[in-house]
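Before any comments, here is the structure.
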Amino acid sequence: MTEDTGVGTIQISENVIAAVVRRYSLSVPGVARLAGQSFVGGLADMFGKRINDKSIVVELADERVNLTVHIIIKFGEHVPTVATHVQDICRKYVEELTGQHVGRIDIVVTNLAGADGEDDDEFEDEE
C-alpha cells in the first residue's frame, strides 16, 4: 500500500504486514505455531528470523487489508476463543503499527499440537 505524504510516498510491503501478524499471532496464549511450520520454525518466527512463509496471506483491496492466517492450536484449548483472540490482536496491531485498515481476518485452524502424542509429552494421559 502506498500513501502520498506531500513530501514523497510511503510504501508498506505485504511482508511488513505479515511480520506484524506473525509476531502477534504467536503471542496469543493457546497458539502453538503457524501452520506448515515445525516447532523450531515457530521459534525462529518468534525471534524474527523468518521473512516469508505460506501461513499468512495478505491481500490488499479497496484501501483495506484482508488476512488469512493458518494456525495450529495447543490441544485442550477452546478453539473458537483462541481464534477470535488471534483476530482481535492482529487487527489491533496491524492497524496501530501500519495505519492500514483491516477489512477481514480469516483464521484457519489446521491442527492441534499435542494431539495423538505429537510435539509435547505433557499431553499424554497420566496413570
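Going through the C-alpha cells in order, the chains are called A, B, and so on, while each chain numbers its residues from 1 and the ligands are numbered from 1 in the order shown.
Excluding segment 5-14 of chain A and any residue on its chain fewer than 5 positions from it, the residues at most 8 Å away by only C-alpha atoms are Val58, Glu59 and Thr98 of chain A.
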Take the residues from that selection and write them out as a PDB file, in the first residue's frame, keeping C-alpha atoms.
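What ended up in part_35.pdb:
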ATOM      1  CA  VAL A  58      -2.077 -10.691   2.874  1.00  0.00           C
ATOM      2  CA  GLU A  59      -4.478  -9.248   0.301  1.00  0.00           C
ATOM      3  CA  THR A  98       0.931   0.299   9.830  1.00  0.00           C
TER       4      THR A  98
END
Long-range neighbours of His101 of chain A as number ranges by chain, 7 Å cut-off, only C-alpha atoms, 5 positions minimum in chain: A: 64-65, 95
Export of the given selection (C-alpha atoms) as a compact mmCIF listing (two decimals), in the first residue's frame:
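Writing done, so here's result_20.txt:
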# COMPACT_ATOMS: atom_id res chain seq x y z
CA ARG A 64 -8.01 -2.20 3.27
CA VAL A 65 -6.04 -5.27 4.20
CA GLU A 95 -3.90 -1.02 12.26
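The shortest atom-to-atom distance to Arg91 of chain A, with only C-alpha atoms taken into account, belongs to A:Val20 out of A:Ile73, A:Asn111, A:Val20, A:Val28.
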Close residues, His85 of chain A itself excluded, 12 Å, only C-alpha atoms, min 2 positions apart in chain, as a PyMOL selection string: chain A and resi 24-31+73+78-83+87-92+105+107
Residues near Asp106 of chain A, cut-off 7 Å, only C-alpha atoms, skip fewer than 4 positions along chain, as number ranges by chain: A: 67-69
Could you turn the residues from that selection into a file that holds C-alpha atoms, as an mmCIF file, in the first residue's frame?
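The new file part04.cif reads:
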data_model
loop_
_atom_site.group_PDB
_atom_site.id
_atom_site.type_symbol
_atom_site.label_atom_id
_atom_site.label_comp_id
_atom_site.auth_asym_id
_atom_site.auth_seq_id
_atom_site.Cartn_x
_atom_site.Cartn_y
_atom_site.Cartn_z
ATOM 1 C CA LEU A 67 -5.724 -11.508 6.043
ATOM 2 C CA THR A 68 -5.835 -15.279 6.170
ATOM 3 C CA VAL A 69 -3.815 -16.833 8.983
#
